Every structure is written in C-alpha cells, then in structure tokens.
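**Q** File structure_0.cif below, mmCIF, C-alpha atoms; chains and numbers go by the auth columns:
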data_model
#
loop_
_atom_site.group_PDB
_atom_site.id
_atom_site.type_symbol
_atom_site.label_atom_id
_atom_site.label_comp_id
_atom_site.label_asym_id
_atom_site.label_seq_id
_atom_site.Cartn_x
_atom_site.Cartn_y
_atom_site.Cartn_z
_atom_site.B_iso_or_equiv
_atom_site.auth_seq_id
_atom_site.auth_asym_id
ATOM 1 C CA ASN A 1 0.000 0.000 0.000 0.00 1 A
ATOM 2 C CA ALA A 2 1.940 3.036 -1.314 0.00 2 A
ATOM 3 C CA GLY A 3 -0.584 5.674 -0.199 0.00 3 A
ATOM 4 C CA VAL A 4 -0.327 8.890 -2.227 0.00 4 A
ATOM 5 C CA THR A 5 2.534 9.148 -4.688 0.00 5 A
ATOM 6 C CA GLN A 6 3.691 12.198 -6.641 0.00 6 A
ATOM 7 C CA THR A 7 6.100 12.588 -9.530 0.00 7 A
ATOM 8 C CA PRO A 8 8.430 14.254 -10.142 0.00 8 A
ATOM 9 C CA LYS A 9 9.972 15.322 -6.835 0.00 9 A
ATOM 10 C CA PHE A 10 11.764 18.286 -8.371 0.00 10 A
ATOM 11 C CA GLN A 11 11.235 20.179 -11.612 0.00 11 A
ATOM 12 C CA VAL A 12 12.690 23.297 -13.201 0.00 12 A
ATOM 13 C CA LEU A 13 10.775 24.942 -16.032 0.00 13 A
ATOM 14 C CA LYS A 14 11.269 27.991 -18.175 0.00 14 A
ATOM 15 C CA THR A 15 8.526 30.588 -18.418 0.00 15 A
ATOM 16 C CA GLY A 16 5.928 29.501 -20.952 0.00 16 A
ATOM 17 C CA GLN A 17 6.678 25.789 -20.782 0.00 17 A
ATOM 18 C CA SER A 18 3.978 23.295 -19.923 0.00 18 A
ATOM 19 C CA MET A 19 4.112 20.237 -17.736 0.00 19 A
ATOM 20 C CA THR A 20 1.984 17.773 -15.798 0.00 20 A
ATOM 21 C CA LEU A 21 2.448 16.887 -12.158 0.00 21 A
ATOM 22 C CA GLN A 22 1.351 13.337 -11.507 0.00 22 A
ATOM 23 C CA CYS A 23 -0.574 12.135 -8.461 0.00 23 A
ATOM 24 C CA ALA A 24 -1.847 8.645 -7.729 0.00 24 A
ATOM 25 C CA GLN A 25 -3.426 6.935 -4.736 0.00 25 A
ATOM 26 C CA ASP A 26 -4.107 3.263 -4.068 0.00 26 A
ATOM 27 C CA MET A 27 -6.595 3.624 -1.209 0.00 27 A
ATOM 28 C CA ASN A 28 -9.727 3.827 -3.381 0.00 28 A
ATOM 29 C CA HIS A 29 -10.412 7.325 -2.092 0.00 29 A
ATOM 30 C CA GLU A 30 -13.103 9.363 -3.792 0.00 30 A
ATOM 31 C CA TYR A 31 -11.791 12.822 -2.861 0.00 31 A
ATOM 32 C CA MET A 32 -8.499 14.100 -4.237 0.00 32 A
ATOM 33 C CA SER A 33 -7.031 17.569 -4.159 0.00 33 A
ATOM 34 C CA TRP A 34 -4.039 19.687 -5.120 0.00 34 A
ATOM 35 C CA TYR A 35 -2.443 22.360 -2.933 0.00 35 A
ATOM 36 C CA ARG A 36 0.407 24.755 -3.329 0.00 36 A
ATOM 37 C CA GLN A 37 2.555 25.814 -0.413 0.00 37 A
ATOM 38 C CA ASP A 38 4.375 29.120 -0.446 0.00 38 A
ATOM 39 C CA PRO A 39 6.507 30.559 2.383 0.00 39 A
ATOM 40 C CA GLY A 40 4.352 32.251 5.002 0.00 40 A
ATOM 41 C CA MET A 41 1.140 31.370 3.156 0.00 41 A
ATOM 42 C CA GLY A 42 0.334 27.902 4.391 0.00 42 A
ATOM 43 C CA LEU A 43 -1.313 25.557 1.893 0.00 43 A
ATOM 44 C CA ARG A 44 -3.864 26.810 -0.586 0.00 44 A
ATOM 45 C CA LEU A 45 -6.324 24.631 -2.477 0.00 45 A
ATOM 46 C CA ILE A 46 -5.912 24.713 -6.271 0.00 46 A
ATOM 47 C CA HIS A 47 -8.409 22.133 -7.543 0.00 47 A
ATOM 48 C CA TYR A 48 -10.242 19.198 -6.102 0.00 48 A
ATOM 49 C CA SER A 49 -12.267 16.198 -7.241 0.00 49 A
ATOM 50 C CA VAL A 50 -15.063 14.369 -5.455 0.00 50 A
ATOM 51 C CA GLY A 51 -14.895 11.360 -7.776 0.00 51 A
ATOM 52 C CA ALA A 52 -13.929 10.165 -11.238 0.00 52 A
ATOM 53 C CA GLY A 53 -15.149 12.606 -13.880 0.00 53 A
ATOM 54 C CA ILE A 54 -15.877 15.405 -11.381 0.00 54 A
ATOM 55 C CA THR A 55 -13.522 18.294 -10.705 0.00 55 A
ATOM 56 C CA ASP A 56 -13.936 21.780 -9.298 0.00 56 A
ATOM 57 C CA GLN A 57 -11.910 24.869 -8.552 0.00 57 A
ATOM 58 C CA GLY A 58 -10.394 25.721 -5.222 0.00 58 A
ATOM 59 C CA GLU A 59 -9.016 28.953 -3.844 0.00 59 A
ATOM 60 C CA VAL A 60 -6.250 29.543 -6.437 0.00 60 A
ATOM 61 C CA PRO A 61 -7.160 27.735 -9.697 0.00 61 A
ATOM 62 C CA ASN A 62 -5.836 30.200 -12.287 0.00 62 A
ATOM 63 C CA GLY A 63 -3.103 28.792 -14.521 0.00 63 A
ATOM 64 C CA TYR A 64 -3.852 25.164 -13.633 0.00 64 A
ATOM 65 C CA ASN A 65 -6.021 22.439 -15.163 0.00 65 A
ATOM 66 C CA VAL A 66 -7.011 19.057 -13.780 0.00 66 A
ATOM 67 C CA SER A 67 -8.867 15.963 -14.900 0.00 67 A
ATOM 68 C CA ARG A 68 -9.985 12.821 -13.108 0.00 68 A
ATOM 69 C CA SER A 69 -10.486 9.959 -15.547 0.00 69 A
ATOM 70 C CA THR A 70 -9.920 7.256 -12.918 0.00 70 A
ATOM 71 C CA THR A 71 -10.354 7.008 -9.164 0.00 71 A
ATOM 72 C CA GLU A 72 -6.600 6.501 -8.726 0.00 72 A
ATOM 73 C CA ASP A 73 -5.103 9.381 -10.728 0.00 73 A
ATOM 74 C CA PHE A 74 -5.427 13.143 -10.471 0.00 74 A
ATOM 75 C CA PRO A 75 -2.866 14.973 -12.642 0.00 75 A
ATOM 76 C CA LEU A 76 -2.287 18.724 -12.407 0.00 76 A
ATOM 77 C CA ARG A 77 -1.380 20.552 -15.617 0.00 77 A
ATOM 78 C CA LEU A 78 0.432 23.839 -15.965 0.00 78 A
ATOM 79 C CA LEU A 79 -0.337 25.061 -19.485 0.00 79 A
ATOM 80 C CA SER A 80 2.080 28.003 -19.623 0.00 80 A
ATOM 81 C CA ALA A 81 4.315 28.201 -16.574 0.00 81 A
ATOM 82 C CA ALA A 82 4.951 31.549 -14.908 0.00 82 A
ATOM 83 C CA PRO A 83 7.472 32.477 -12.190 0.00 83 A
ATOM 84 C CA SER A 84 4.525 33.056 -9.821 0.00 84 A
ATOM 85 C CA GLN A 85 3.889 29.309 -9.997 0.00 85 A
ATOM 86 C CA THR A 86 7.198 28.543 -8.305 0.00 86 A
ATOM 87 C CA SER A 87 6.065 26.628 -5.244 0.00 87 A
ATOM 88 C CA VAL A 88 5.841 23.251 -3.572 0.00 88 A
ATOM 89 C CA TYR A 89 2.834 21.268 -4.754 0.00 89 A
ATOM 90 C CA PHE A 90 1.077 18.658 -2.659 0.00 90 A
ATOM 91 C CA CYS A 91 -1.528 16.156 -3.694 0.00 91 A
ATOM 92 C CA ALA A 92 -3.877 14.685 -1.096 0.00 92 A
ATOM 93 C CA SER A 93 -6.709 12.182 -0.925 0.00 93 A
ATOM 94 C CA SER A 94 -9.406 11.280 1.546 0.00 94 A
ATOM 95 C CA GLN A 95 -12.174 8.725 1.662 0.00 95 A
ATOM 96 C CA THR A 96 -15.148 10.885 0.776 0.00 96 A
ATOM 97 C CA GLY A 97 -14.329 14.537 1.353 0.00 97 A
ATOM 98 C CA PRO A 98 -12.187 17.088 3.224 0.00 98 A
ATOM 99 C CA TRP A 99 -14.127 16.327 6.409 0.00 99 A
ATOM 100 C CA ASN A 100 -12.208 13.043 6.584 0.00 100 A
ATOM 101 C CA GLU A 101 -8.526 12.651 7.367 0.00 101 A
ATOM 102 C CA GLN A 102 -6.500 13.624 4.315 0.00 102 A
ATOM 103 C CA PHE A 103 -3.414 11.700 3.228 0.00 103 A
ATOM 104 C CA PHE A 104 -0.693 13.742 1.583 0.00 104 A
ATOM 105 C CA GLY A 105 1.928 12.901 -0.983 0.00 105 A
ATOM 106 C CA PRO A 106 5.586 13.883 -0.496 0.00 106 A
ATOM 107 C CA GLY A 107 5.312 16.979 -2.689 0.00 107 A
ATOM 108 C CA THR A 108 6.812 18.325 -5.910 0.00 108 A
ATOM 109 C CA ARG A 109 9.162 21.303 -5.714 0.00 109 A
ATOM 110 C CA LEU A 110 8.686 23.378 -8.875 0.00 110 A
ATOM 111 C CA THR A 111 10.850 26.276 -9.954 0.00 111 A
ATOM 112 C CA VAL A 112 9.878 28.434 -12.921 0.00 112 A
ATOM 113 C CA LEU A 113 12.664 30.599 -14.308 0.00 113 A
ATOM 114 C CA SER B 1 -8.118 34.589 1.508 0.00 114 B
ATOM 115 C CA GLN B 2 -7.215 31.880 3.959 0.00 115 B
ATOM 116 C CA GLN B 3 -9.634 30.609 6.496 0.00 116 B
ATOM 117 C CA GLY B 4 -7.317 30.225 9.436 0.00 117 B
ATOM 118 C CA GLU B 5 -4.391 31.767 11.191 0.00 118 B
ATOM 119 C CA GLU B 6 -2.122 30.211 13.772 0.00 119 B
ATOM 120 C CA ASP B 7 -0.534 31.902 16.711 0.00 120 B
ATOM 121 C CA PRO B 8 2.327 32.077 17.490 0.00 121 B
ATOM 122 C CA GLN B 9 4.084 31.884 14.134 0.00 122 B
ATOM 123 C CA ALA B 10 7.104 30.324 15.849 0.00 123 B
ATOM 124 C CA LEU B 11 7.620 28.667 19.207 0.00 124 B
ATOM 125 C CA SER B 12 10.794 27.367 20.819 0.00 125 B
ATOM 126 C CA ILE B 13 10.697 25.263 23.986 0.00 126 B
ATOM 127 C CA GLN B 14 12.842 22.860 25.992 0.00 127 B
ATOM 128 C CA GLU B 15 12.259 19.141 25.768 0.00 128 B
ATOM 129 C CA GLY B 16 9.739 18.034 28.375 0.00 129 B
ATOM 130 C CA GLU B 17 7.820 21.315 28.351 0.00 130 B
ATOM 131 C CA ASN B 18 4.316 21.699 27.003 0.00 131 B
ATOM 132 C CA ALA B 19 3.628 23.496 23.719 0.00 132 B
ATOM 133 C CA THR B 20 0.418 25.338 22.990 0.00 133 B
ATOM 134 C CA MET B 21 -0.559 26.758 19.639 0.00 134 B
ATOM 135 C CA ASN B 22 -3.750 28.503 18.685 0.00 135 B
ATOM 136 C CA CYS B 23 -5.836 28.692 15.547 0.00 136 B
ATOM 137 C CA SER B 24 -8.488 31.198 14.596 0.00 137 B
ATOM 138 C CA TYR B 25 -10.806 30.824 11.632 0.00 138 B
ATOM 139 C CA LYS B 26 -13.313 33.020 9.887 0.00 139 B
ATOM 140 C CA THR B 27 -16.504 31.172 8.982 0.00 140 B
ATOM 141 C CA SER B 28 -18.695 28.374 10.294 0.00 141 B
ATOM 142 C CA ILE B 29 -17.094 24.965 10.063 0.00 142 B
ATOM 143 C CA ASN B 30 -18.055 21.296 10.067 0.00 143 B
ATOM 144 C CA ASN B 31 -14.782 20.020 11.476 0.00 144 B
ATOM 145 C CA LEU B 32 -11.355 21.294 12.397 0.00 145 B
ATOM 146 C CA GLN B 33 -8.237 19.235 11.870 0.00 146 B
ATOM 147 C CA TRP B 34 -4.616 19.592 12.915 0.00 147 B
ATOM 148 C CA TYR B 35 -1.721 18.460 10.752 0.00 148 B
ATOM 149 C CA ARG B 36 2.025 18.229 11.281 0.00 149 B
ATOM 150 C CA GLN B 37 4.661 18.851 8.627 0.00 150 B
ATOM 151 C CA ASN B 38 8.262 17.877 9.129 0.00 151 B
ATOM 152 C CA SER B 39 10.767 19.923 7.165 0.00 152 B
ATOM 153 C CA GLY B 40 10.600 19.120 3.475 0.00 153 B
ATOM 154 C CA ARG B 41 7.905 16.486 3.883 0.00 154 B
ATOM 155 C CA GLY B 42 4.188 16.112 3.280 0.00 155 B
ATOM 156 C CA LEU B 43 1.583 16.756 5.943 0.00 156 B
ATOM 157 C CA VAL B 44 0.482 14.141 8.437 0.00 157 B
ATOM 158 C CA HIS B 45 -2.934 14.161 10.054 0.00 158 B
ATOM 159 C CA LEU B 46 -2.899 14.453 13.845 0.00 159 B
ATOM 160 C CA ILE B 47 -6.442 14.860 15.090 0.00 160 B
ATOM 161 C CA LEU B 48 -9.946 15.859 13.990 0.00 161 B
ATOM 162 C CA ILE B 49 -12.493 17.611 16.182 0.00 162 B
ATOM 163 C CA ARG B 50 -16.087 18.040 15.084 0.00 163 B
ATOM 164 C CA SER B 51 -17.990 21.284 15.468 0.00 164 B
ATOM 165 C CA ASN B 52 -20.173 19.795 18.224 0.00 165 B
ATOM 166 C CA GLU B 53 -17.172 18.694 20.294 0.00 166 B
ATOM 167 C CA ARG B 54 -15.320 20.919 22.737 0.00 167 B
ATOM 168 C CA GLU B 55 -12.258 18.857 23.570 0.00 168 B
ATOM 169 C CA LYS B 56 -10.484 15.817 22.231 0.00 169 B
ATOM 170 C CA HIS B 57 -7.410 13.864 23.295 0.00 170 B
ATOM 171 C CA SER B 58 -5.031 11.638 21.386 0.00 171 B
ATOM 172 C CA GLY B 59 -1.921 10.450 23.208 0.00 172 B
ATOM 173 C CA ARG B 60 0.066 13.555 24.163 0.00 173 B
ATOM 174 C CA LEU B 61 -2.218 15.802 22.104 0.00 174 B
ATOM 175 C CA ARG B 62 -5.150 17.762 23.438 0.00 175 B
ATOM 176 C CA VAL B 63 -7.316 19.853 21.140 0.00 176 B
ATOM 177 C CA THR B 64 -10.014 22.276 22.162 0.00 177 B
ATOM 178 C CA LEU B 65 -12.589 23.983 20.000 0.00 178 B
ATOM 179 C CA ASP B 66 -14.609 27.084 20.803 0.00 179 B
ATOM 180 C CA THR B 67 -17.033 27.695 17.945 0.00 180 B
ATOM 181 C CA SER B 68 -18.394 30.871 19.556 0.00 181 B
ATOM 182 C CA LYS B 69 -14.913 32.412 19.348 0.00 182 B
ATOM 183 C CA LYS B 70 -14.038 30.601 16.123 0.00 183 B
ATOM 184 C CA SER B 71 -10.845 29.312 17.662 0.00 184 B
ATOM 185 C CA SER B 72 -9.034 26.105 18.495 0.00 185 B
ATOM 186 C CA SER B 73 -5.915 25.223 20.430 0.00 186 B
ATOM 187 C CA LEU B 74 -3.483 22.334 20.198 0.00 187 B
ATOM 188 C CA LEU B 75 -1.559 21.317 23.298 0.00 188 B
ATOM 189 C CA ILE B 76 1.389 18.948 23.052 0.00 189 B
ATOM 190 C CA THR B 77 2.408 17.707 26.474 0.00 190 B
ATOM 191 C CA ALA B 78 5.877 16.514 27.520 0.00 191 B
ATOM 192 C CA SER B 79 7.392 17.599 24.223 0.00 192 B
ATOM 193 C CA ARG B 80 10.187 15.660 22.541 0.00 193 B
ATOM 194 C CA ALA B 81 12.832 16.702 20.035 0.00 194 B
ATOM 195 C CA ALA B 82 10.932 14.632 17.450 0.00 195 B
ATOM 196 C CA ASP B 83 7.962 17.010 17.824 0.00 196 B
ATOM 197 C CA THR B 84 9.985 19.694 16.025 0.00 197 B
ATOM 198 C CA ALA B 85 7.844 20.504 12.980 0.00 198 B
ATOM 199 C CA SER B 86 5.296 22.940 11.624 0.00 199 B
ATOM 200 C CA TYR B 87 1.720 22.537 12.788 0.00 200 B
ATOM 201 C CA PHE B 88 -1.305 23.601 10.773 0.00 201 B
ATOM 202 C CA CYS B 89 -4.975 23.818 11.559 0.00 202 B
ATOM 203 C CA ALA B 90 -7.404 23.193 8.726 0.00 203 B
ATOM 204 C CA THR B 91 -11.127 23.592 8.319 0.00 204 B
ATOM 205 C CA ASP B 92 -13.598 22.286 5.782 0.00 205 B
ATOM 206 C CA ALA B 93 -16.341 24.390 4.259 0.00 206 B
ATOM 207 C CA GLY B 94 -18.375 22.229 1.914 0.00 207 B
ATOM 208 C CA ASN B 95 -15.986 20.474 -0.443 0.00 208 B
ATOM 209 C CA GLN B 96 -13.162 22.930 0.109 0.00 209 B
ATOM 210 C CA PHE B 97 -10.416 22.775 2.675 0.00 210 B
ATOM 211 C CA TYR B 98 -8.562 25.721 4.169 0.00 211 B
ATOM 212 C CA PHE B 99 -5.261 25.634 6.002 0.00 212 B
ATOM 213 C CA GLY B 100 -3.940 28.140 8.462 0.00 213 B
ATOM 214 C CA THR B 101 -0.545 29.752 8.116 0.00 214 B
ATOM 215 C CA GLY B 102 1.113 27.368 10.576 0.00 215 B
ATOM 216 C CA THR B 103 3.148 27.418 13.775 0.00 216 B
ATOM 217 C CA SER B 104 6.796 26.397 13.585 0.00 217 B
ATOM 218 C CA LEU B 105 7.684 24.474 16.738 0.00 218 B
ATOM 219 C CA THR B 106 11.275 23.838 17.783 0.00 219 B
ATOM 220 C CA VAL B 107 11.907 21.514 20.715 0.00 220 B
ATOM 221 C CA ILE B 108 15.414 21.880 22.103 0.00 221 B
ATOM 222 C CA PRO B 109 16.923 18.660 23.525 0.00 222 B
#
Would you encode the structure as structure tokens?
**A**
Amino acid sequence: NAGVTQTPKFQVLKTGQSMTLQCAQDMNHEYMSWYRQDPGMGLRLIHYSVGAGITDQGEVPNGYNVSRSTTEDFPLRLLSAAPSQTSVYFCASSQTGPWNEQFFGPGTRLTVL
Amino acid sequence: SQQGEEDPQALSIQEGENATMNCSYKTSINNLQWYRQNSGRGLVHLILIRSNEREKHSGRLRVTLDTSKKSSSLLITASRAADTASYFCATDAGNQFYFGTGTSLTVIP
C-alpha cells in the first residue's frame, strides 16, 4: 500500500513551458485535491475532485487544469508556466471529502525561471 | 483569503515542556483538523475535532474547539525533540479545505 505518490519530486521549467504533475493513490479514495505551499502562506487549495469525472476549482485555480479519468489518478497541468507558480505542490486524498482525514503525498518542488 | 491563522508563528521550547498553539478561523465549520509537517515532507494528520465537540485527546495531544470564538488550540504535552515541525490547523467548508498559516515548533533537547 503506497498511499499517495507524486512525480516528479523536483522540476525546473522555463517561463511559458507546460508540464503535468502526476498524483496517484491506491486507497480507493473518492476525494483528491491539489495544494500549493508558499513561504508564510500555508497551503492553498488549487483544484479538487469528489470522484472520477468530477472536478472543481479551489481557492487559487488560475493557470492550472485538472482531470480525473480514474479514481486513482489526479494529474495537475500547468499550461504556460509563470514564475509566480514557483512553489511546492502537494496532492492529497481522503475517503469521501475534506471532512475526513486527508493523506498527503511527499510533494513536488517546482521552480519556474 | 485563507480561512485560518495560527498563533504564534514560531515557538521554541525545551524538551519536556508543554507546547500550545492557537488557531483562529473566519466562517462556520463542520470540522477542524490539525496536521504536522516535518521539514521538506508532506503533511500528516494528527487529530480531527467536530464542530459539536469541545475537547479531544489523542496520546500527548489535546485539542479544544470554541465555535463561539471561532478558535481552536493544540496542546502537546511533555514535548520531545521529534515534535519539532510545523503545525497547521485546517477547516472544511463544503468540499473545500482551508489551512492556516502554521506554527513552527522547535523543541530543544
């Protein structure tokens, strides 16, 4: 049981490049979410999903896209990276919603030059 | 805008002492959770308290919730060096989840 996995662990992009951060969970959780963590800001919700085929925006969705084609996977796409997207990104999952305990992945540290 | 704020931002104590950190939030909640984050790692769930509960214990952790003041506190008793980490409160509002800004705790051996 791997829990929540994220790839890559580190990534450097140039402004305007695109990339996908991968997130997978093997706990059959319905709820999955993406956060970004910036110094002094805590974690902020980017997008979330309450089940396969259903996604919605969080607090800071601009510049990011998500999809949820399977229960296990919840990739986060940056279409045109900007320096303001330099951050640490965490994926999390919980059984049915944020009112349950959330399990976090190890994070992806992204730098946009 | 974030839902919660922790106080203090940083706390340094000697091993064996108790550590108390506070969380204030802005709107009505269903539950409040506390998480720990070790440096460079993901967050780990510590404890959940429901809006109709006032106090909850888990091992060396004690959490209180005062919904009239929109505040919660986390007490770690008999602290250990391994408790050194950042601690975050988090609240759910519908399907969204809001974290506070965190308290950085340093326990000196």
**Q** Kindly resolve the PyMOL selection byres ((chain A and resi 9) around 8) on the present coordinates and return the residues as a VMD selection string.
**A** chain A and resid 6 to 8 10 to 11 106 to 109
**Q** Once you count all atoms listed in the file, which residues end up no further than 8 Å from (5.4, 13.4, 2.2) in the file's frame, shown as a list in words?
**A**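 Selection result: Phe104, Gly105, Pro106 and Gly107 of chain A; Gly153, Arg154, Gly155, Leu156 and Val157 of chain B.
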**Q** Any chance you could work out the residue set of the PyMOL selection byres ((chain A and resi 59) around 7) here, as an MDAnalysis selection string?
**A** chainID A and resid 44:46 57:58 60:61
**Q** Please write the residues from the selection above to a file, keeping C-alpha atoms, as a CSV table (one decimal), in the coordinates of the input.
**A**
chain,number,residue,atom,x,y,z
A,44,ARG,CA,-3.9,26.8,-0.6
A,45,LEU,CA,-6.3,24.6,-2.5
A,46,ILE,CA,-5.9,24.7,-6.3
A,57,GLN,CA,-11.9,24.9,-8.6
A,58,GLY,CA,-10.4,25.7,-5.2
A,60,VAL,CA,-6.2,29.5,-6.4
A,61,PRO,CA,-7.2,27.7,-9.7
**Q** With all atoms listed in the file as the atoms that count, which of A:Ser84, A:Gln17, A:Ser94, A:Gln102 lies nearest to Glu72 in chain A?
**A** A:Ser94
**Q** Starting from the PyMOL selection byres ((chain B and resi 200) around 8), expand the selection into actual residues of this file and give them as a tab-separated table (two decimals) with C-alpha atoms, in the frame of the given file.
**A**
chain	number	residue	atom	x	y	z
B	147	TRP	CA	-4.62	19.59	12.92
B	148	TYR	CA	-1.72	18.46	10.75
B	149	ARG	CA	2.02	18.23	11.28
B	150	GLN	CA	4.66	18.85	8.63
B	198	ALA	CA	7.84	20.50	12.98
B	199	SER	CA	5.30	22.94	11.62
B	201	PHE	CA	-1.30	23.60	10.77
B	202	CYS	CA	-4.97	23.82	11.56
B	215	GLY	CA	1.11	27.37	10.58
B	216	THR	CA	3.15	27.42	13.78
B	217	SER	CA	6.80	26.40	13.58
B	218	LEU	CA	7.68	24.47	16.74
**Q** Could I get the residues of chain B with an atom no further than 9 Å from an atom of chain A, each paired with its nearest atom pair and that distance in Å to one decimal, using all atoms listed in the file, sorted by chain and residue number, as a Markdown table?
**A**
| residue | atom | partner | partner_atom | distance |
| --- | --- | --- | --- | --- |
| B:Ser114 | CA | A:Glu59 | CA | 7.8 |
| B:Gln115 | CA | A:Arg44 | CA | 7.6 |
| B:Asn143 | CA | A:Trp99 | CA | 7.3 |
| B:Asn144 | CA | A:Trp99 | CA | 6.3 |
| B:Leu145 | CA | A:Trp99 | CA | 8.3 |
| B:Gln146 | CA | A:Glu101 | CA | 8.0 |
| B:Gly153 | CA | A:Pro106 | CA | 8.3 |
| B:Arg154 | CA | A:Pro106 | CA | 5.6 |
| B:Gly155 | CA | A:Pro106 | CA | 4.6 |
| B:Leu156 | CA | A:Phe104 | CA | 5.8 |
| B:Val157 | CA | A:Phe103 | CA | 6.9 |
| B:His158 | CA | A:Glu101 | CA | 6.4 |
| B:Leu159 | CA | A:Glu101 | CA | 8.8 |
| B:Ile160 | CA | A:Glu101 | CA | 8.3 |
| B:Leu161 | CA | A:Glu101 | CA | 7.5 |
| B:Phe201 | CA | A:Gly42 | CA | 7.9 |
| B:Thr204 | CA | A:Trp99 | CA | 8.1 |
| B:Asp205 | CA | A:Pro98 | CA | 6.0 |
| B:Ala206 | CA | A:Pro98 | CA | 8.5 |
| B:Gly207 | CA | A:Pro98 | CA | 8.2 |
| B:Asn208 | CA | A:Pro98 | CA | 6.3 |
| B:Gln209 | CA | A:Gly58 | CA | 6.6 |
| B:Phe210 | CA | A:Pro98 | CA | 6.0 |
| B:Tyr211 | CA | A:Arg44 | CA | 6.8 |
| B:Phe212 | CA | A:Leu43 | CA | 5.7 |
| B:Gly213 | CA | A:Gly42 | CA | 5.9 |
| B:Thr214 | CA | A:Gly42 | CA | 4.3 |
| B:Gly215 | CA | A:Gly42 | CA | 6.3 |
**Q** How would the residues just picked look written out with C-alpha atoms as a PDB file, keeping the file's coordinate frame?
**A**
ATOM      1  CA  SER B 114      -8.118  34.589   1.508  1.00  0.00           C
ATOM      2  CA  GLN B 115      -7.215  31.880   3.959  1.00  0.00           C
ATOM      3  CA  ASN B 143     -18.055  21.296  10.067  1.00  0.00           C
ATOM      4  CA  ASN B 144     -14.782  20.020  11.476  1.00  0.00           C
ATOM      5  CA  LEU B 145     -11.355  21.294  12.397  1.00  0.00           C
ATOM      6  CA  GLN B 146      -8.237  19.235  11.870  1.00  0.00           C
ATOM      7  CA  GLY B 153      10.600  19.120   3.475  1.00  0.00           C
ATOM      8  CA  ARG B 154       7.905  16.486   3.883  1.00  0.00           C
ATOM      9  CA  GLY B 155       4.188  16.112   3.280  1.00  0.00           C
ATOM     10  CA  LEU B 156       1.583  16.756   5.943  1.00  0.00           C
ATOM     11  CA  VAL B 157       0.482  14.141   8.437  1.00  0.00           C
ATOM     12  CA  HIS B 158      -2.934  14.161  10.054  1.00  0.00           C
ATOM     13  CA  LEU B 159      -2.899  14.453  13.845  1.00  0.00           C
ATOM     14  CA  ILE B 160      -6.442  14.860  15.090  1.00  0.00           C
ATOM     15  CA  LEU B 161      -9.946  15.859  13.990  1.00  0.00           C
ATOM     16  CA  PHE B 201      -1.305  23.601  10.773  1.00  0.00           C
ATOM     17  CA  THR B 204     -11.127  23.592   8.319  1.00  0.00           C
ATOM     18  CA  ASP B 205     -13.598  22.286   5.782  1.00  0.00           C
ATOM     19  CA  ALA B 206     -16.341  24.390   4.259  1.00  0.00           C
ATOM     20  CA  GLY B 207     -18.375  22.229   1.914  1.00  0.00           C
ATOM     21  CA  ASN B 208     -15.986  20.474  -0.443  1.00  0.00           C
ATOM     22  CA  GLN B 209     -13.162  22.930   0.109  1.00  0.00           C
ATOM     23  CA  PHE B 210     -10.416  22.775   2.675  1.00  0.00           C
ATOM     24  CA  TYR B 211      -8.562  25.721   4.169  1.00  0.00           C
ATOM     25  CA  PHE B 212      -5.261  25.634   6.002  1.00  0.00           C
ATOM     26  CA  GLY B 213      -3.940  28.140   8.462  1.00  0.00           C
ATOM     27  CA  THR B 214      -0.545  29.752   8.116  1.00  0.00           C
ATOM     28  CA  GLY B 215       1.113  27.368  10.576  1.00  0.00           C
TER      29      GLY B 215
END
**Q** Given the choices B:Val220, B:Ala123, B:Met134, B:Ala194, which gets closest to Val176 in chain B if the distance is worked out from all atoms listed in the file?
**A** B:Met134
